[in-house]
Amino acid sequence: MALITKKIKGTEDVLPRQSYRWQFIEKIMREEASAYGFREIRTPVFEHTELFARGVGQTTDVVQKEMYTFDTKGGESVTLRPEGTAGAARAVLEHALENEGLPIKASYFVSCYRYEKPQAGRLREFHQFGVEEYGTQSPAADAELICLAQSVLDRLGLTEVRLEINSIGCPECRAKYNQALRDYFSQYKDQLCTTCLSRLEKNPMRLLDCKSPEDHKIAEGAPIITDYLCEECEAHFEQTKKYLDSAGISYEVNPTIVRGLDYYTKTVFEFITDCIGAQGTVCGGGRYDGLIEELGGKHLPSLGFAMGLERILMVMDAQGVEIPQPEPCALYIATMGDEAKVKAFSLLRQVRECGLQAETDVVGRGLRAQMKYADKIGAKYSLVLGDNEIAENKANVKNMDSGEQTELALDESFAEKFSVLSLTDKAGFEI
Ligand code: ATP
Ligand code: MG
């Protein structure tokens, strides 16, 4: 029985006292995405397994080792989404969104599920904010996406996050490059991990992304993709960099980033920090011009990025970025007697309709305990409602900080007057 009060390994709760932190970053992400013209898409948490197998790629770690896959009672194989792109791409196809005009721009917040080894910054259920753009080949779109990610990180107040970019070319340049990689890694066949060995033929670029330290070391001496780019890919990369320069965004070209999905083409990028340990990539993205075709659609060049929300919050903590605390209760109404309890309801409704937070006792505390509670929740004002106040139809509103009292009528003007009082109070509270 003890098991049912323990969360599953690799998952986290967000408690009421912590959720304002999530709401803060999500709000900034929504605002920035909207400033760049993205609108939110919401897709199901599970999809046909085949979608991820094709949309993420058969040779990826995610598909080979990490998916939460199960058969439904109807005998279908479904998978909890390991990332947000495949579901969005499926929705684009299913609803023929390309008919509504190009480019299609969608942003999302998703929970993701990957059976990985839980550690700092690596969970089995984690959350991403991401954007997707479909139907543009232009390097301006690549640069714009990177600008958006940078704007989000800047507005969150993060510093010391570096941007690394690369181009991994198109299938044409990749064919030559893959051969060069096969030739190179074949010399080390007896030292590679079994996963890498199995990928050597099919998708040798995966070897550059291997997390095993020995393989990583070997990968350091591998040929670099930028030496194999075709003219078009080279021009695309140069133009993307030009736009970034013009926007004042600094970056480093890192020819070893290849990203996790199989269908990435041309631009790939990561935002990385060293302040939270080994899991320092807070955002990853790039272009995947072949994805929609791979899923059975027309050629629809696309791109996107995803940010790990848990990692972003970890970086904010590590860098001491302050997240504004939620507003405390504006008015606590303490009650004495049944009639007061009833009257409190009409006053509370009025105050809340003015957009202010207001509370009263709902657990049956005595007056002293109610006032203690008001103090504990940091209420800015309190009001004691008893038989006298009801008989006279007025009561004193007390500033909990200064102790100053102001008499207000308990009629339909109450909330408005309270609102003005709390905004203009000499004690300097701001609501
Ligand atoms: P990593 O190299 O760290 O495994 P990835 O390449 O698998 O990352 P993506 O699939 O590109 O990651 O996901 C985008 C972002 O989601 C990552 O940059 C990271 O911030 C976050 N992320 C990925 N996997 C996890 C996880 N298991 N737990 C928490 N956050 C994660
Ligand atoms: Mg991973």
# chains A, B, ... in the order shown; residues from 1 in each chain; ligands from 1
>>> residues_near_ligand(ligand="ligand 1", cutoff="10 Å", atoms="only C-alpha atoms and all ligand atoms", output="VMD selection string")
chain A and resid 10 to 11 56 60 to 62 66 82 to 85 111 to 130 209 to 211 257 to 261 269 to 272 278 to 286 305 to 312
>>> residues_around(residues="region 273-275 of chain A", least_positions_apart="6", cutoff="7 Å", atoms="only C-alpha atoms", output="PyMOL selection string")
chain A and resi 160-162+281+315+318
>>> closest_residue(among="A:Val351, A:Arg206, A:Lys9, A:Ala106", to="ligand 2", atoms="only C-alpha atoms and all ligand atoms")
A:Arg206
>>> residues_around(residues="Thr226 (chain A)", least_positions_apart="6", cutoff="10 Å", atoms="only C-alpha atoms", output="short mmCIF file (atom, residue, chain, number, x, y, z; two decimals) with N, CA and C atoms, in the first residue's frame")
data_model
loop_
_atom_site.label_atom_id
_atom_site.label_comp_id
_atom_site.auth_asym_id
_atom_site.auth_seq_id
_atom_site.Cartn_x
_atom_site.Cartn_y
_atom_site.Cartn_z
N ASN A 166 24.92 24.78 -36.15
CA ASN A 166 25.61 23.94 -37.12
C ASN A 166 24.67 23.76 -38.31
N SER A 167 25.21 23.27 -39.40
CA SER A 167 24.36 22.81 -40.49
C SER A 167 24.69 21.36 -40.75
N ILE A 168 23.67 20.54 -40.81
CA ILE A 168 23.95 19.13 -41.09
C ILE A 168 23.54 18.76 -42.52
N GLY A 169 23.34 19.80 -43.33
CA GLY A 169 23.16 19.58 -44.76
C GLY A 169 21.87 18.91 -45.14
N CYS A 173 24.31 16.19 -49.40
CA CYS A 173 25.63 16.35 -48.77
C CYS A 173 25.85 15.27 -47.71
N TYR A 177 29.02 12.71 -46.60
CA TYR A 177 29.51 12.83 -45.22
C TYR A 177 29.37 11.50 -44.47
N CYS A 233 23.26 24.27 -49.33
CA CYS A 233 23.26 24.18 -47.87
C CYS A 233 24.25 25.18 -47.26
N GLU A 234 25.37 25.31 -47.93
CA GLU A 234 26.39 26.26 -47.50
C GLU A 234 25.82 27.68 -47.52
N PHE A 237 23.28 28.26 -44.78
CA PHE A 237 23.94 28.43 -43.47
C PHE A 237 24.53 29.84 -43.35
N VAL A 253 29.83 28.36 -34.00
CA VAL A 253 29.55 27.24 -34.89
C VAL A 253 30.20 26.01 -34.27
N ASN A 254 29.38 25.03 -33.99
CA ASN A 254 29.90 23.78 -33.42
C ASN A 254 29.55 22.63 -34.37
N PRO A 255 30.56 22.20 -35.15
CA PRO A 255 30.26 21.19 -36.19
C PRO A 255 29.90 19.82 -35.64
N THR A 256 29.93 19.66 -34.32
CA THR A 256 29.59 18.33 -33.78
C THR A 256 28.14 18.20 -33.33
#
>>> select_by_dssp(residues="region 15-247 of chain A", states="alpha helix (DSSP H)", output="PyMOL selection string")
chain A and resi 19-35+49-56+61+85-94+139-156+171-186+194-199+213-220+231-246
>>> write_last_selection(atoms="C-alpha atoms", output="compact mmCIF listing (two decimals), in the first residue's frame")
# COMPACT_ATOMS: atom_id res chain seq x y z
CA SER A 19 3.44 26.64 -9.33
CA TYR A 20 3.87 30.41 -9.62
CA ARG A 21 7.38 29.69 -10.91
CA TRP A 22 6.00 27.62 -13.77
CA GLN A 23 3.27 30.15 -14.47
CA PHE A 24 5.88 32.91 -14.64
CA ILE A 25 8.03 31.22 -17.28
CA GLU A 26 5.03 29.94 -19.23
CA LYS A 27 3.57 33.45 -19.40
CA ILE A 28 6.78 34.88 -20.83
CA MET A 29 7.00 32.04 -23.35
CA ARG A 30 3.39 32.58 -24.46
CA GLU A 31 3.95 36.32 -24.83
CA GLU A 32 7.14 35.93 -26.84
CA ALA A 33 5.69 33.22 -29.10
CA SER A 34 2.75 35.46 -29.75
CA ALA A 35 5.00 38.45 -30.49
CA THR A 49 3.34 4.27 -31.99
CA GLU A 50 4.11 4.31 -35.70
CA LEU A 51 3.90 8.12 -35.76
CA PHE A 52 6.84 8.47 -33.39
CA ALA A 53 8.77 5.62 -34.97
CA ARG A 54 8.64 7.52 -38.28
CA GLY A 55 8.46 11.09 -37.02
CA VAL A 56 11.30 10.85 -34.51
CA ASP A 61 17.71 6.69 -28.78
CA THR A 85 6.98 17.75 -33.02
CA ALA A 86 5.48 14.49 -34.29
CA GLY A 87 2.02 15.22 -32.88
CA ALA A 88 2.03 18.74 -34.32
CA ALA A 89 3.16 17.45 -37.72
CA ARG A 90 0.42 14.80 -37.64
CA ALA A 91 -2.17 17.48 -36.87
CA VAL A 92 -0.90 19.66 -39.73
CA LEU A 93 -1.39 16.73 -42.12
CA GLU A 94 -4.69 15.56 -40.69
CA PRO A 139 17.02 30.96 -43.88
CA ALA A 140 15.14 33.99 -42.52
CA ALA A 141 12.82 31.50 -40.80
CA ASP A 142 15.78 29.66 -39.24
CA ALA A 143 17.19 32.90 -37.92
CA GLU A 144 13.82 34.13 -36.72
CA LEU A 145 13.28 30.97 -34.72
CA ILE A 146 16.66 31.32 -33.05
CA CYS A 147 15.82 34.97 -32.28
CA LEU A 148 12.61 33.84 -30.61
CA ALA A 149 14.42 31.31 -28.42
CA GLN A 150 17.00 33.95 -27.50
CA SER A 151 14.26 36.49 -26.67
CA VAL A 152 12.61 33.99 -24.33
CA LEU A 153 15.86 33.24 -22.51
CA ASP A 154 16.70 36.94 -22.28
CA ARG A 155 13.30 37.86 -20.88
CA LEU A 156 13.56 35.07 -18.34
CA PRO A 171 20.40 14.19 -47.96
CA GLU A 172 22.74 14.98 -50.85
CA CYS A 173 25.63 16.35 -48.77
CA ARG A 174 24.84 13.86 -46.04
CA ALA A 175 25.47 10.86 -48.33
CA LYS A 176 29.09 11.90 -48.84
CA TYR A 177 29.51 12.83 -45.22
CA ASN A 178 28.01 9.57 -43.96
CA GLN A 179 30.50 7.65 -46.05
CA ALA A 180 33.35 9.68 -44.57
CA LEU A 181 32.01 8.93 -41.09
CA ARG A 182 31.70 5.19 -41.82
CA ASP A 183 35.28 5.14 -43.02
CA TYR A 184 36.43 6.98 -39.94
CA PHE A 185 34.51 5.04 -37.30
CA SER A 186 35.24 1.68 -38.92
CA THR A 194 27.01 -1.93 -29.31
CA THR A 195 24.37 0.73 -30.06
CA CYS A 196 26.84 2.73 -32.11
CA LEU A 197 28.01 -0.36 -33.96
CA SER A 198 24.45 -1.10 -34.99
CA ARG A 199 24.04 2.45 -36.30
CA PRO A 213 32.52 8.82 -22.82
CA GLU A 214 34.75 6.46 -24.86
CA ASP A 215 32.70 6.90 -28.02
CA HIS A 216 32.51 10.61 -27.39
CA LYS A 217 36.30 10.73 -27.38
CA ILE A 218 36.51 8.85 -30.67
CA ALA A 219 33.86 11.16 -32.15
CA GLU A 220 36.07 14.17 -31.42
CA GLU A 231 26.46 24.81 -52.41
CA GLU A 232 22.84 25.35 -51.46
CA CYS A 233 23.26 24.18 -47.87
CA GLU A 234 26.39 26.26 -47.50
CA ALA A 235 24.57 29.37 -48.77
CA HIS A 236 21.63 28.66 -46.46
CA PHE A 237 23.94 28.43 -43.47
CA GLU A 238 25.81 31.61 -44.41
CA GLN A 239 22.57 33.53 -44.86
CA THR A 240 21.21 32.28 -41.52
CA LYS A 241 24.35 33.54 -39.81
CA LYS A 242 24.05 36.89 -41.57
CA TYR A 243 20.53 37.36 -40.20
CA LEU A 244 21.71 36.41 -36.71
CA ASP A 245 24.55 38.91 -36.95
CA SER A 246 22.11 41.57 -38.01
>>> select_by_dssp(residues="region 55-194 of chain A", states="strand (DSSP E or B)", output="PyMOL selection string")
chain A and resi 69-71+77-80+104-113+119+122+125-134+162-167
>>> write_last_selection(atoms="N, CA and C atoms", output="short mmCIF file (atom, residue, chain, number, x, y, z; two decimals), in the first residue's frame")
data_model
loop_
_atom_site.label_atom_id
_atom_site.label_comp_id
_atom_site.auth_asym_id
_atom_site.auth_seq_id
_atom_site.Cartn_x
_atom_site.Cartn_y
_atom_site.Cartn_z
N THR A 69 5.46 2.63 -24.51
CA THR A 69 4.57 2.08 -25.52
C THR A 69 3.72 0.99 -24.89
N PHE A 70 2.45 0.95 -25.22
CA PHE A 70 1.60 -0.12 -24.69
C PHE A 70 0.45 -0.41 -25.65
N ASP A 71 -0.10 -1.59 -25.49
CA ASP A 71 -1.25 -1.97 -26.31
C ASP A 71 -2.52 -1.57 -25.59
N SER A 77 -1.27 -0.37 -30.78
CA SER A 77 -0.07 0.06 -30.08
C SER A 77 -0.05 1.59 -30.03
N VAL A 78 -0.04 2.12 -28.82
CA VAL A 78 0.03 3.58 -28.67
C VAL A 78 1.25 3.94 -27.82
N THR A 79 1.68 5.19 -27.94
CA THR A 79 2.88 5.63 -27.22
C THR A 79 2.63 7.01 -26.62
N LEU A 80 3.10 7.18 -25.38
CA LEU A 80 3.04 8.50 -24.76
C LEU A 80 4.06 9.38 -25.47
N ILE A 104 2.77 27.84 -41.65
CA ILE A 104 1.95 27.47 -40.49
C ILE A 104 2.84 27.67 -39.27
N LYS A 105 2.37 28.44 -38.30
CA LYS A 105 3.21 28.70 -37.12
C LYS A 105 2.46 28.29 -35.85
N ALA A 106 3.01 27.32 -35.16
CA ALA A 106 2.32 26.81 -33.96
C ALA A 106 3.30 26.72 -32.79
N SER A 107 2.80 27.05 -31.61
CA SER A 107 3.62 26.89 -30.40
C SER A 107 2.91 25.89 -29.50
N TYR A 108 3.65 25.29 -28.58
CA TYR A 108 3.02 24.30 -27.71
C TYR A 108 3.68 24.21 -26.34
N PHE A 109 2.93 23.75 -25.39
CA PHE A 109 3.45 23.29 -24.09
C PHE A 109 3.06 21.83 -23.99
N VAL A 110 4.01 20.95 -23.77
CA VAL A 110 3.67 19.52 -23.67
C VAL A 110 4.41 18.87 -22.50
N SER A 111 3.77 17.84 -21.95
CA SER A 111 4.50 16.94 -21.07
C SER A 111 5.05 15.85 -21.97
N CYS A 112 6.26 15.39 -21.71
CA CYS A 112 6.90 14.37 -22.55
C CYS A 112 7.31 13.19 -21.69
N TYR A 113 7.38 12.02 -22.32
CA TYR A 113 7.66 10.79 -21.59
C TYR A 113 8.79 10.03 -22.25
N GLN A 119 18.09 11.57 -13.47
CA GLN A 119 19.20 12.26 -12.81
C GLN A 119 18.90 13.75 -12.88
N ARG A 122 17.23 15.33 -15.89
CA ARG A 122 16.76 14.28 -16.79
C ARG A 122 15.67 13.49 -16.08
N GLU A 125 9.12 11.95 -16.90
CA GLU A 125 8.08 12.88 -17.38
C GLU A 125 8.67 14.28 -17.23
N PHE A 126 8.77 15.00 -18.34
CA PHE A 126 9.27 16.36 -18.27
C PHE A 126 8.42 17.23 -19.19
N HIS A 127 8.71 18.52 -19.20
CA HIS A 127 7.84 19.45 -19.91
C HIS A 127 8.63 20.31 -20.87
N GLN A 128 8.00 20.58 -21.99
CA GLN A 128 8.66 21.40 -23.00
C GLN A 128 7.75 22.53 -23.46
N PHE A 129 8.40 23.65 -23.77
CA PHE A 129 7.75 24.68 -24.56
C PHE A 129 8.42 24.60 -25.93
N GLY A 130 7.65 24.64 -26.99
CA GLY A 130 8.27 24.56 -28.31
C GLY A 130 7.47 25.29 -29.36
N VAL A 131 8.10 25.51 -30.50
CA VAL A 131 7.39 26.08 -31.64
C VAL A 131 7.69 25.25 -32.89
N GLU A 132 6.77 25.31 -33.83
CA GLU A 132 6.89 24.59 -35.09
C GLU A 132 6.52 25.57 -36.20
N GLU A 133 7.28 25.50 -37.29
CA GLU A 133 6.92 26.34 -38.44
C GLU A 133 7.01 25.46 -39.68
N TYR A 134 5.95 25.46 -40.48
CA TYR A 134 5.89 24.61 -41.65
C TYR A 134 5.67 25.44 -42.90
N ARG A 162 25.05 29.80 -23.87
CA ARG A 162 25.64 30.04 -25.19
C ARG A 162 24.84 29.34 -26.28
N LEU A 163 24.86 29.97 -27.45
CA LEU A 163 24.15 29.41 -28.59
C LEU A 163 25.16 28.74 -29.51
N GLU A 164 24.94 27.47 -29.79
CA GLU A 164 25.80 26.75 -30.72
C GLU A 164 24.96 26.37 -31.94
N ILE A 165 25.49 26.66 -33.11
CA ILE A 165 24.75 26.32 -34.32
C ILE A 165 25.60 25.47 -35.26
N ASN A 166 24.92 24.78 -36.15
CA ASN A 166 25.61 23.94 -37.12
C ASN A 166 24.67 23.76 -38.31
N SER A 167 25.21 23.27 -39.40
CA SER A 167 24.36 22.81 -40.49
C SER A 167 24.69 21.36 -40.75
#
>>> decode(residues="region 198-226 of chain A", atoms="N, CA and C atoms", output="PDB file, in the first residue's frame")
ATOM      1  N   SER A 198      25.646  -0.772 -34.201  1.00  0.00           N
ATOM      2  CA  SER A 198      24.453  -1.105 -34.985  1.00  0.00           C
ATOM      3  C   SER A 198      24.009   0.062 -35.861  1.00  0.00           C
ATOM      4  N   ARG A 199      24.465   1.289 -35.528  1.00  0.00           N
ATOM      5  CA  ARG A 199      24.042   2.449 -36.300  1.00  0.00           C
ATOM      6  C   ARG A 199      25.052   2.848 -37.374  1.00  0.00           C
ATOM      7  N   LEU A 200      26.188   2.210 -37.326  1.00  0.00           N
ATOM      8  CA  LEU A 200      27.291   2.606 -38.196  1.00  0.00           C
ATOM      9  C   LEU A 200      26.879   2.577 -39.669  1.00  0.00           C
ATOM     10  N   GLU A 201      26.146   1.545 -40.059  1.00  0.00           N
ATOM     11  CA  GLU A 201      25.738   1.441 -41.452  1.00  0.00           C
ATOM     12  C   GLU A 201      24.583   2.387 -41.775  1.00  0.00           C
ATOM     13  N   LYS A 202      23.538   2.318 -40.949  1.00  0.00           N
ATOM     14  CA  LYS A 202      22.284   3.019 -41.252  1.00  0.00           C
ATOM     15  C   LYS A 202      22.345   4.525 -41.056  1.00  0.00           C
ATOM     16  N   ASN A 203      22.878   4.948 -39.928  1.00  0.00           N
ATOM     17  CA  ASN A 203      22.869   6.372 -39.621  1.00  0.00           C
ATOM     18  C   ASN A 203      24.099   6.753 -38.796  1.00  0.00           C
ATOM     19  N   PRO A 204      25.251   6.830 -39.469  1.00  0.00           N
ATOM     20  CA  PRO A 204      26.502   7.052 -38.733  1.00  0.00           C
ATOM     21  C   PRO A 204      26.560   8.394 -37.999  1.00  0.00           C
ATOM     22  N   MET A 205      25.721   9.376 -38.403  1.00  0.00           N
ATOM     23  CA  MET A 205      25.754  10.655 -37.683  1.00  0.00           C
ATOM     24  C   MET A 205      25.339  10.525 -36.223  1.00  0.00           C
ATOM     25  N   ARG A 206      24.517   9.489 -35.963  1.00  0.00           N
ATOM     26  CA  ARG A 206      24.102   9.217 -34.580  1.00  0.00           C
ATOM     27  C   ARG A 206      25.305   9.002 -33.665  1.00  0.00           C
ATOM     28  N   LEU A 207      26.404   8.502 -34.237  1.00  0.00           N
ATOM     29  CA  LEU A 207      27.579   8.201 -33.420  1.00  0.00           C
ATOM     30  C   LEU A 207      28.188   9.466 -32.812  1.00  0.00           C
ATOM     31  N   LEU A 208      27.937  10.594 -33.470  1.00  0.00           N
ATOM     32  CA  LEU A 208      28.485  11.856 -32.965  1.00  0.00           C
ATOM     33  C   LEU A 208      27.747  12.307 -31.712  1.00  0.00           C
ATOM     34  N   ASP A 209      26.571  11.735 -31.498  1.00  0.00           N
ATOM     35  CA  ASP A 209      25.686  12.153 -30.418  1.00  0.00           C
ATOM     36  C   ASP A 209      25.715  11.153 -29.260  1.00  0.00           C
ATOM     37  N   CYS A 210      26.608  10.144 -29.337  1.00  0.00           N
ATOM     38  CA  CYS A 210      26.611   9.080 -28.320  1.00  0.00           C
ATOM     39  C   CYS A 210      27.053   9.635 -26.972  1.00  0.00           C
ATOM     40  N   LYS A 211      26.357   9.164 -25.914  1.00  0.00           N
ATOM     41  CA  LYS A 211      26.657   9.721 -24.586  1.00  0.00           C
ATOM     42  C   LYS A 211      27.774   8.938 -23.872  1.00  0.00           C
ATOM     43  N   SER A 212      28.195   7.795 -24.427  1.00  0.00           N
ATOM     44  CA  SER A 212      29.270   7.041 -23.765  1.00  0.00           C
ATOM     45  C   SER A 212      30.592   7.801 -23.912  1.00  0.00           C
ATOM     46  N   PRO A 213      31.312   7.993 -22.794  1.00  0.00           N
ATOM     47  CA  PRO A 213      32.523   8.823 -22.817  1.00  0.00           C
ATOM     48  C   PRO A 213      33.576   8.327 -23.814  1.00  0.00           C
ATOM     49  N   GLU A 214      33.731   6.993 -23.935  1.00  0.00           N
ATOM     50  CA  GLU A 214      34.748   6.459 -24.864  1.00  0.00           C
ATOM     51  C   GLU A 214      34.394   6.832 -26.308  1.00  0.00           C
ATOM     52  N   ASP A 215      33.118   6.599 -26.654  1.00  0.00           N
ATOM     53  CA  ASP A 215      32.695   6.899 -28.017  1.00  0.00           C
ATOM     54  C   ASP A 215      32.780   8.394 -28.293  1.00  0.00           C
ATOM     55  N   HIS A 216      32.471   9.161 -27.269  1.00  0.00           N
ATOM     56  CA  HIS A 216      32.514  10.612 -27.392  1.00  0.00           C
ATOM     57  C   HIS A 216      33.935  11.054 -27.776  1.00  0.00           C
ATOM     58  N   LYS A 217      34.893  10.412 -27.135  1.00  0.00           N
ATOM     59  CA  LYS A 217      36.297  10.731 -27.378  1.00  0.00           C
ATOM     60  C   LYS A 217      36.667  10.414 -28.841  1.00  0.00           C
ATOM     61  N   ILE A 218      36.227   9.243 -29.274  1.00  0.00           N
ATOM     62  CA  ILE A 218      36.509   8.852 -30.668  1.00  0.00           C
ATOM     63  C   ILE A 218      35.858   9.855 -31.626  1.00  0.00           C
ATOM     64  N   ALA A 219      34.617  10.251 -31.277  1.00  0.00           N
ATOM     65  CA  ALA A 219      33.863  11.163 -32.151  1.00  0.00           C
ATOM     66  C   ALA A 219      34.576  12.502 -32.326  1.00  0.00           C
ATOM     67  N   GLU A 220      35.392  12.870 -31.338  1.00  0.00           N
ATOM     68  CA  GLU A 220      36.073  14.165 -31.416  1.00  0.00           C
ATOM     69  C   GLU A 220      36.985  14.289 -32.635  1.00  0.00           C
ATOM     70  N   GLY A 221      37.504  13.150 -33.088  1.00  0.00           N
ATOM     71  CA  GLY A 221      38.411  13.212 -34.233  1.00  0.00           C
ATOM     72  C   GLY A 221      37.723  12.969 -35.570  1.00  0.00           C
ATOM     73  N   ALA A 222      36.393  12.855 -35.558  1.00  0.00           N
ATOM     74  CA  ALA A 222      35.653  12.509 -36.774  1.00  0.00           C
ATOM     75  C   ALA A 222      35.638  13.666 -37.773  1.00  0.00           C
ATOM     76  N   PRO A 223      35.437  13.357 -39.052  1.00  0.00           N
ATOM     77  CA  PRO A 223      35.299  14.429 -40.047  1.00  0.00           C
ATOM     78  C   PRO A 223      34.123  15.329 -39.685  1.00  0.00           C
ATOM     79  N   ILE A 224      34.182  16.593 -40.103  1.00  0.00           N
ATOM     80  CA  ILE A 224      33.082  17.504 -39.754  1.00  0.00           C
ATOM     81  C   ILE A 224      32.208  17.803 -40.965  1.00  0.00           C
ATOM     82  N   ILE A 225      30.903  17.905 -40.677  1.00  0.00           N
ATOM     83  CA  ILE A 225      29.896  18.044 -41.740  1.00  0.00           C
ATOM     84  C   ILE A 225      30.106  19.302 -42.572  1.00  0.00           C
ATOM     85  N   THR A 226      30.547  20.370 -41.909  1.00  0.00           N
ATOM     86  CA  THR A 226      30.651  21.644 -42.630  1.00  0.00           C
ATOM     87  C   THR A 226      31.643  21.558 -43.800  1.00  0.00           C
TER      88      THR A 226
END
